[in-house]
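Just coords_5.cif here, mmCIF, C-alpha atoms and all ligand atoms:
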```cif
data_protein
loop_
_atom_site.label_atom_id
_atom_site.label_comp_id
_atom_site.auth_asym_id
_atom_site.auth_seq_id
_atom_site.Cartn_x
_atom_site.Cartn_y
_atom_site.Cartn_z
CA HIS A 1302 -118.69 -103.24 -127.42
CA MET A 1303 -117.55 -100.03 -128.98
CA ASP A 1304 -119.78 -100.78 -131.98
CA THR A 1305 -122.91 -100.66 -129.84
CA ASP A 1306 -125.70 -98.28 -130.73
CA GLU A 1307 -126.16 -97.78 -126.98
CA PRO A 1308 -122.85 -96.15 -126.04
CA MET A 1309 -123.98 -94.44 -122.81
CA GLN A 1310 -125.77 -97.55 -121.52
CA ALA A 1311 -122.64 -99.63 -122.18
CA TYR A 1312 -120.44 -96.91 -120.70
CA ARG A 1313 -122.27 -96.74 -117.37
CA GLN A 1314 -122.58 -100.54 -117.14
CA SER A 1315 -118.82 -100.77 -117.60
CA TYR A 1316 -118.34 -98.13 -114.93
CA PHE A 1317 -120.54 -99.88 -112.35
CA ASN A 1318 -118.92 -103.22 -113.17
CA LEU A 1319 -115.57 -101.66 -112.27
CA VAL A 1320 -117.06 -100.31 -109.04
CA ALA A 1321 -118.48 -103.73 -108.14
CA MET A 1322 -115.31 -105.62 -109.10
CA ASN A 1323 -113.24 -103.42 -106.80
CA PHE A 1324 -115.78 -103.08 -103.99
CA GLY A 1325 -116.87 -106.72 -103.86
CA PRO A 1326 -113.55 -108.17 -102.64
CA ILE A 1327 -113.16 -105.45 -99.98
CA GLY A 1328 -116.60 -106.42 -98.64
CA LYS A 1329 -115.66 -110.10 -98.68
CA MET A 1330 -112.41 -109.46 -96.83
CA LEU A 1331 -114.23 -107.41 -94.20
CA LYS A 1332 -116.75 -110.22 -93.72
CA GLY A 1333 -113.97 -112.79 -93.50
CA GLU A 1334 -115.13 -114.53 -96.67
CA MET A 1335 -111.77 -113.77 -98.26
CA GLU A 1336 -108.34 -113.61 -96.66
CA TRP A 1337 -107.41 -110.06 -95.63
CA ASP A 1338 -104.74 -108.61 -97.89
CA ASP A 1339 -103.63 -105.07 -97.08
CA ALA A 1340 -102.03 -104.47 -100.48
CA LYS A 1341 -105.16 -105.59 -102.33
CA VAL A 1342 -107.45 -103.50 -100.14
CA LYS A 1343 -105.26 -100.46 -100.86
CA MET A 1344 -105.24 -101.17 -104.60
CA PHE A 1345 -108.99 -101.79 -104.88
CA ALA A 1346 -109.81 -98.76 -102.72
CA SER A 1347 -107.46 -96.57 -104.71
CA GLU A 1348 -109.22 -97.61 -107.92
CA LEU A 1349 -112.57 -96.89 -106.25
CA GLY A 1350 -111.27 -93.42 -105.39
CA ALA A 1351 -110.38 -92.88 -109.04
CA LEU A 1352 -113.82 -94.12 -110.12
CA GLY A 1353 -115.41 -91.77 -107.61
CA SER A 1354 -113.59 -88.86 -109.22
CA MET A 1355 -115.34 -89.57 -112.53
CA ASP A 1356 -118.52 -87.72 -113.43
CA VAL A 1357 -120.56 -90.83 -114.15
CA GLY A 1358 -123.74 -88.72 -114.11
CA ARG A 1359 -122.99 -87.72 -117.69
CA ALA A 1360 -123.62 -91.34 -118.72
CA PHE A 1361 -127.30 -90.87 -117.81
CA ALA A 1362 -127.82 -88.30 -120.54
CA PRO A 1363 -131.35 -87.57 -121.77
CA GLY A 1364 -132.58 -90.25 -124.19
CA THR A 1365 -130.45 -93.03 -122.69
CA ASP A 1366 -133.39 -94.49 -120.75
CA LYS A 1367 -134.08 -96.97 -123.57
CA GLY A 1368 -132.61 -100.27 -124.69
CA THR A 1369 -130.29 -102.53 -122.75
CA THR A 1370 -130.66 -101.01 -119.33
CA ARG A 1371 -131.97 -101.64 -115.82
CA ALA A 1372 -132.04 -97.91 -115.17
CA LYS A 1373 -135.57 -96.91 -114.11
CA PRO A 1374 -137.42 -93.92 -115.62
CA GLY A 1375 -137.32 -92.22 -112.19
CA ILE A 1376 -133.68 -91.35 -112.88
CA TRP A 1377 -134.74 -88.91 -115.58
CA GLU A 1378 -137.88 -87.80 -113.68
CA ASN A 1379 -135.97 -87.02 -110.46
CA LYS A 1380 -132.64 -86.01 -111.93
CA ASP A 1381 -131.59 -83.84 -108.97
CA ASP A 1382 -132.28 -86.59 -106.43
CA PHE A 1383 -130.55 -89.18 -108.62
CA THR A 1384 -127.51 -86.95 -109.10
CA ALA A 1385 -127.35 -86.30 -105.34
CA LYS A 1386 -127.36 -90.06 -104.70
CA LEU A 1387 -124.66 -90.61 -107.32
CA ASN A 1388 -122.58 -87.90 -105.71
CA ASP A 1389 -123.09 -89.52 -102.28
CA MET A 1390 -121.56 -92.66 -103.76
CA ARG A 1391 -118.67 -90.71 -105.29
CA GLU A 1392 -117.91 -89.09 -101.93
CA ALA A 1393 -118.20 -92.43 -100.14
CA LEU A 1394 -115.67 -93.91 -102.58
CA ALA A 1395 -113.29 -91.03 -101.91
CA SER A 1396 -113.64 -91.63 -98.16
CA LEU A 1397 -113.04 -95.35 -98.60
CA SER A 1398 -109.88 -94.62 -100.56
CA THR A 1399 -108.65 -92.31 -97.80
CA ALA A 1400 -109.49 -94.86 -95.11
CA ALA A 1401 -107.61 -97.59 -96.98
CA GLU A 1402 -104.51 -95.42 -97.18
CA SER A 1403 -104.59 -95.15 -93.38
CA GLY A 1404 -104.54 -98.94 -93.11
CA ASP A 1405 -106.96 -98.73 -90.14
CA LYS A 1406 -109.25 -101.72 -90.51
CA LYS A 1407 -112.00 -100.17 -88.36
CA ALA A 1408 -112.01 -97.02 -90.48
CA ILE A 1409 -112.01 -99.12 -93.65
CA GLY A 1410 -114.98 -101.12 -92.35
CA ALA A 1411 -116.95 -97.98 -91.53
CA ALA A 1412 -116.16 -96.36 -94.87
CA ALA A 1413 -117.03 -99.54 -96.78
CA GLY A 1414 -120.32 -99.79 -94.90
CA ALA A 1415 -121.19 -96.24 -95.91
CA ALA A 1416 -120.18 -96.93 -99.51
CA GLY A 1417 -122.35 -100.07 -99.61
CA LYS A 1418 -125.28 -98.08 -98.27
CA SER A 1419 -124.83 -95.50 -101.00
CA CYS A 1420 -124.94 -98.28 -103.63
CA LYS A 1421 -128.06 -99.79 -102.11
CA SER A 1422 -130.05 -96.59 -101.60
CA CYS A 1423 -129.73 -95.77 -105.27
CA HIS A 1424 -130.46 -99.34 -106.42
CA ASP A 1425 -133.58 -99.54 -104.22
CA GLU A 1426 -135.08 -96.58 -106.00
CA TYR A 1427 -133.54 -96.45 -109.44
CA LYS A 1428 -132.37 -99.90 -110.55
CA SER A 1429 -134.79 -102.46 -111.92
CA LYS A 1430 -134.56 -105.94 -110.37
CA GLU A 1431 -134.44 -107.54 -113.81
C1 LIG B 1501 -121.80 -104.72 -103.81
C2 LIG B 1501 -122.59 -104.57 -104.97
C3 LIG B 1501 -123.60 -103.74 -104.68
C4 LIG B 1501 -123.46 -103.25 -103.30
C5 LIG B 1501 -124.68 -103.45 -102.47
C6 LIG B 1501 -124.43 -103.00 -101.06
O1 LIG B 1501 -120.78 -105.37 -103.70
O2 LIG B 1501 -122.40 -105.15 -106.15
O3 LIG B 1501 -124.55 -103.35 -105.47
O4 LIG B 1501 -122.33 -103.96 -102.78
O5 LIG B 1501 -125.03 -104.80 -102.47
O6 LIG B 1501 -125.60 -103.13 -100.31
#
```
As structure tokens, what does this structure read like?
Ligand code: ASC
Amino acid sequence: HMDTDEPMQAYRQSYFNLVAMNFGPIGKMLKGEMEWDDAKVKMFASELGALGSMDVGRAFAPGTDKGTTRAKPGIWENKDDFTAKLNDMREALASLSTAAESGDKKAIGAAAGAAGKSCKSCHDEYKSKE
């Protein structure tokens, strides 16, 4: 939707969709809900590492709290805390990417757990349920 009048909202939703689409299958493989595939884990984790390198905080620019968004006002009221939580996620994605390169399933599980926690702690506080 490049013709949207809500470019930052669409931008960050696209970003988090990419995070979820790459993280979801790793979680399912770790839980045994999907067949383990080393090559796929490496590919998804490598993409998560790339996503973690992006400064997604810029997509929460002032004035983008309106419109098609589940982002709560607290994001703009507690910008430092929100940015710290975003950066926790970015670091967790970098660690997951490193763990996947090692091929060590235990390390991948631990890193994925930490990454999932970083998603959840931000959602609990800053993402509306509907
Ligand atoms: C996911 C996803 C999230 C996180 C979160 C982890 O796969 O879409 O938002 O993991 O559920 O607790």
Best match for closeness to ligand LIG 1501 (chain B) among A:Glu1334, A:Asp1389, A:Asp1382, A:Asp1425, counting all atoms listed in the file: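 Of A:Glu1334, A:Asp1389, A:Asp1382, A:Asp1425, the one nearest ligand LIG 1501 (chain B) is A:Asp1425, counting all atoms listed in the file.
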Neighbouring residues of ligand LIG 1501 (chain B) are defined here as those with any atom at most 7 Å from a ligand atom, counting only C-alpha atoms and all ligand atoms; list them as a list in words.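 Written in the requested form, the residues are Ala1321, Phe1324, Gly1325, Gly1328, Gly1417, Lys1418, Cys1420 and Lys1421 of chain A.
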Save out the residues we just selected, C-alpha atoms, as an mmCIF file, keeping the file's coordinate frame.
```cif
data_model
loop_
_atom_site.group_PDB
_atom_site.id
_atom_site.type_symbol
_atom_site.label_atom_id
_atom_site.label_comp_id
_atom_site.auth_asym_id
_atom_site.auth_seq_id
_atom_site.Cartn_x
_atom_site.Cartn_y
_atom_site.Cartn_z
ATOM 1 C CA ALA A 1321 -118.480 -103.730 -108.140
ATOM 2 C CA PHE A 1324 -115.780 -103.080 -103.990
ATOM 3 C CA GLY A 1325 -116.870 -106.720 -103.860
ATOM 4 C CA GLY A 1328 -116.600 -106.420 -98.640
ATOM 5 C CA GLY A 1417 -122.350 -100.070 -99.610
ATOM 6 C CA LYS A 1418 -125.280 -98.080 -98.270
ATOM 7 C CA CYS A 1420 -124.940 -98.280 -103.630
ATOM 8 C CA LYS A 1421 -128.060 -99.790 -102.110
#
```
With 12 Å as the threshold, what does the neighbourhood of (-108.4, -94.6, -110.8) contain in terms of residues, counting all atoms listed in the file? Coordinates are those of the file; answer as a PDB file with C-alpha atoms, in the coordinates of the input.
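That gives us out.pdb:
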```pdb
ATOM      1  CA  TYR A1316    -118.340 -98.130-114.930  1.00  0.00           C
ATOM      2  CA  LEU A1319    -115.570-101.660-112.270  1.00  0.00           C
ATOM      3  CA  VAL A1320    -117.060-100.310-109.040  1.00  0.00           C
ATOM      4  CA  ASN A1323    -113.240-103.420-106.800  1.00  0.00           C
ATOM      5  CA  LYS A1343    -105.260-100.460-100.860  1.00  0.00           C
ATOM      6  CA  MET A1344    -105.240-101.170-104.600  1.00  0.00           C
ATOM      7  CA  PHE A1345    -108.990-101.790-104.880  1.00  0.00           C
ATOM      8  CA  ALA A1346    -109.810 -98.760-102.720  1.00  0.00           C
ATOM      9  CA  SER A1347    -107.460 -96.570-104.710  1.00  0.00           C
ATOM     10  CA  GLU A1348    -109.220 -97.610-107.920  1.00  0.00           C
ATOM     11  CA  LEU A1349    -112.570 -96.890-106.250  1.00  0.00           C
ATOM     12  CA  GLY A1350    -111.270 -93.420-105.390  1.00  0.00           C
ATOM     13  CA  ALA A1351    -110.380 -92.880-109.040  1.00  0.00           C
ATOM     14  CA  LEU A1352    -113.820 -94.120-110.120  1.00  0.00           C
ATOM     15  CA  GLY A1353    -115.410 -91.770-107.610  1.00  0.00           C
ATOM     16  CA  SER A1354    -113.590 -88.860-109.220  1.00  0.00           C
ATOM     17  CA  MET A1355    -115.340 -89.570-112.530  1.00  0.00           C
ATOM     18  CA  LEU A1394    -115.670 -93.910-102.580  1.00  0.00           C
ATOM     19  CA  ALA A1395    -113.290 -91.030-101.910  1.00  0.00           C
ATOM     20  CA  SER A1398    -109.880 -94.620-100.560  1.00  0.00           C
TER      21      SER A1398
END
```
In Å and to one decimal, CA of Asp1356 (chain A) is distant from CA of Ala1393 (chain A) by 14.1 Å
Within 8 Å of (-108.4, -99.9, -97.9), only C-alpha atoms: residues as JSON, numbers by chain? {"A": [1327, 1339, 1341, 1342, 1343, 1344, 1345, 1346, 1347, 1397, 1398, 1399, 1400, 1401, 1402, 1403, 1404, 1405, 1406, 1409]}
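Each of A:Lys1407, A:Lys1380, A:Lys1329, A:Arg1371 was compared to Arg1359 (chain A) using only C-alpha atoms, and A:Lys1380 turns out to be the nearest.
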Which residue of A:Gly1368, A:Val1357, A:Ala1362, A:Lys1373 approaches Thr1305 (chain A) most closely, using all atoms listed in the file: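 Looking at the shortest contact to Thr1305 (chain A), the residue is A:Gly1368.
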How far is it from CA of Phe1383 (chain A) to CA of Ser1429 (chain A), in Å with one decimal? 14.3 Å
State, in Å with one decimal place, the distance from CA of Lys1386 (chain A) to CA of Met1335 (chain A).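 Taking CA of Lys1386 (chain A) as the start and CA of Met1335 (chain A) as the end point, the length is 29.1 Å.
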Just checking: using only C-alpha atoms, which residue out of A:Thr1369, A:Gln1310, A:Ser1315, A:Ser1422 ends up closest to Ala1385 (chain A)? A:Ser1422
Show me that you can extract chain A, keeping C-alpha atoms, and write it as a CSV table (one decimal), in the first residue's frame.
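Below is the file that was written, selection-v3.csv:
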```csv
chain,number,residue,atom,x,y,z
A,1302,HIS,CA,0.0,0.0,0.0
A,1303,MET,CA,2.4,2.6,-1.1
A,1304,ASP,CA,-0.5,5.0,-1.8
A,1305,THR,CA,-1.5,4.9,1.9
A,1306,ASP,CA,-1.8,8.2,3.8
A,1307,GLU,CA,-0.4,6.3,6.8
A,1308,PRO,CA,3.1,5.4,5.5
A,1309,MET,CA,4.8,4.9,8.9
A,1310,GLN,CA,1.9,2.8,10.3
A,1311,ALA,CA,2.1,0.6,7.2
A,1312,TYR,CA,5.9,0.5,7.3
A,1313,ARG,CA,6.1,-0.8,10.9
A,1314,GLN,CA,3.2,-3.3,10.3
A,1315,SER,CA,5.1,-4.7,7.4
A,1316,TYR,CA,8.3,-4.9,9.5
A,1317,PHE,CA,6.6,-6.8,12.3
A,1318,ASN,CA,4.9,-9.1,9.9
A,1319,LEU,CA,8.3,-10.0,8.5
A,1320,VAL,CA,9.5,-10.6,12.1
A,1321,ALA,CA,6.5,-12.8,12.9
A,1322,MET,CA,6.7,-14.7,9.5
A,1323,ASN,CA,10.4,-15.6,10.2
A,1324,PHE,CA,10.1,-16.1,14.0
A,1325,GLY,CA,6.9,-18.2,13.9
A,1326,PRO,CA,8.2,-21.2,12.1
A,1327,ILE,CA,11.4,-21.3,14.3
A,1328,GLY,CA,9.1,-21.4,17.4
A,1329,LYS,CA,7.0,-24.2,15.8
A,1330,MET,CA,10.0,-26.3,15.0
A,1331,LEU,CA,11.3,-25.9,18.5
A,1332,LYS,CA,8.0,-27.0,19.9
A,1333,GLY,CA,7.9,-29.9,17.5
A,1334,GLU,CA,4.8,-28.6,15.7
A,1335,MET,CA,6.8,-28.4,12.5
A,1336,GLU,CA,9.5,-30.7,11.2
A,1337,TRP,CA,13.0,-29.4,12.2
A,1338,ASP,CA,14.9,-28.1,9.1
A,1339,ASP,CA,18.4,-26.8,9.8
A,1340,ALA,CA,18.6,-24.9,6.5
A,1341,LYS,CA,15.2,-23.1,7.1
A,1342,VAL,CA,16.1,-22.3,10.7
A,1343,LYS,CA,19.4,-20.7,9.5
A,1344,MET,CA,17.6,-18.8,6.7
A,1345,PHE,CA,14.8,-17.5,9.0
A,1346,ALA,CA,17.2,-16.6,11.8
A,1347,SER,CA,19.5,-14.8,9.3
A,1348,GLU,CA,16.6,-12.7,8.1
A,1349,LEU,CA,15.7,-12.0,11.7
A,1350,GLY,CA,19.2,-10.8,12.2
A,1351,ALA,CA,18.9,-8.4,9.3
A,1352,LEU,CA,15.6,-7.2,10.6
A,1353,GLY,CA,17.2,-6.6,14.0
A,1354,SER,CA,19.8,-4.4,12.4
A,1355,MET,CA,17.1,-2.0,11.1
A,1356,ASP,CA,16.2,1.0,13.2
A,1357,VAL,CA,12.5,0.3,13.3
A,1358,GLY,CA,12.1,2.9,16.1
A,1359,ARG,CA,12.0,5.6,13.4
A,1360,ALA,CA,8.7,4.1,12.2
A,1361,PHE,CA,7.1,5.3,15.5
A,1362,ALA,CA,7.7,9.0,14.6
A,1363,PRO,CA,5.7,11.7,16.4
A,1364,GLY,CA,2.2,12.0,15.0
A,1365,THR,CA,2.0,8.4,13.8
A,1366,ASP,CA,-0.2,7.3,16.8
A,1367,LYS,CA,-3.4,7.8,14.8
A,1368,GLY,CA,-5.2,5.8,12.2
A,1369,THR,CA,-4.8,2.1,11.4
A,1370,THR,CA,-2.7,1.1,14.3
A,1371,ARG,CA,-2.7,-1.0,17.5
A,1372,ALA,CA,0.1,1.0,18.9
A,1373,LYS,CA,-0.9,2.4,22.3
A,1374,PRO,CA,-0.4,6.0,23.2
A,1375,GLY,CA,2.1,4.9,25.9
A,1376,ILE,CA,4.7,4.4,23.1
A,1377,TRP,CA,4.9,8.2,22.6
A,1378,GLU,CA,4.4,9.0,26.4
A,1379,ASN,CA,7.3,6.6,27.4
A,1380,LYS,CA,9.5,6.9,24.4
A,1381,ASP,CA,12.7,6.0,26.2
A,1382,ASP,CA,11.2,2.8,27.7
A,1383,PHE,CA,9.6,1.8,24.4
A,1384,THR,CA,12.9,2.4,22.5
A,1385,ALA,CA,14.8,0.3,25.1
A,1386,LYS,CA,12.3,-2.5,24.7
A,1387,LEU,CA,12.6,-2.3,20.9
A,1388,ASN,CA,16.3,-2.4,21.2
A,1389,ASP,CA,16.1,-5.5,23.5
A,1390,MET,CA,14.2,-7.2,20.7
A,1391,ARG,CA,16.8,-6.1,18.1
A,1392,GLU,CA,19.6,-7.5,20.3
A,1393,ALA,CA,17.7,-10.7,20.9
A,1394,LEU,CA,17.2,-11.1,17.1
A,1395,ALA,CA,21.0,-10.6,16.6
A,1396,SER,CA,21.7,-13.3,19.2
A,1397,LEU,CA,19.2,-15.7,17.6
A,1398,SER,CA,20.9,-15.2,14.3
A,1399,THR,CA,24.3,-16.0,15.9
A,1400,ALA,CA,22.9,-19.1,17.7
A,1401,ALA,CA,21.4,-20.4,14.4
A,1402,GLU,CA,24.7,-20.1,12.7
A,1403,SER,CA,26.2,-22.3,15.4
A,1404,GLY,CA,23.6,-25.0,14.6
A,1405,ASP,CA,23.4,-25.8,18.4
A,1406,LYS,CA,19.7,-26.6,19.0
A,1407,LYS,CA,19.9,-25.8,22.7
A,1408,ALA,CA,21.5,-22.4,22.0
A,1409,ILE,CA,18.8,-21.7,19.4
A,1410,GLY,CA,16.1,-22.7,21.8
A,1411,ALA,CA,17.4,-20.4,24.5
A,1412,ALA,CA,17.9,-17.5,22.1
A,1413,ALA,CA,14.4,-18.0,20.6
A,1414,GLY,CA,12.9,-18.0,24.1
A,1415,ALA,CA,14.6,-14.7,24.9
A,1416,ALA,CA,13.4,-13.2,21.6
A,1417,GLY,CA,9.9,-14.4,22.2
A,1418,LYS,CA,10.0,-12.7,25.6
A,1419,SER,CA,11.2,-9.5,24.1
A,1420,CYS,CA,8.2,-9.6,21.7
A,1421,LYS,CA,5.8,-10.2,24.5
A,1422,SER,CA,7.0,-7.7,27.0
A,1423,CYS,CA,6.5,-4.9,24.5
A,1424,HIS,CA,3.1,-6.2,23.4
A,1425,ASP,CA,1.9,-6.5,27.0
A,1426,GLU,CA,2.5,-2.8,27.5
A,1427,TYR,CA,2.3,-1.1,24.1
A,1428,LYS,CA,0.1,-3.2,21.7
A,1429,SER,CA,-3.6,-3.0,21.9
A,1430,LYS,CA,-5.5,-6.3,21.9
A,1431,GLU,CA,-7.7,-5.2,19.1
```
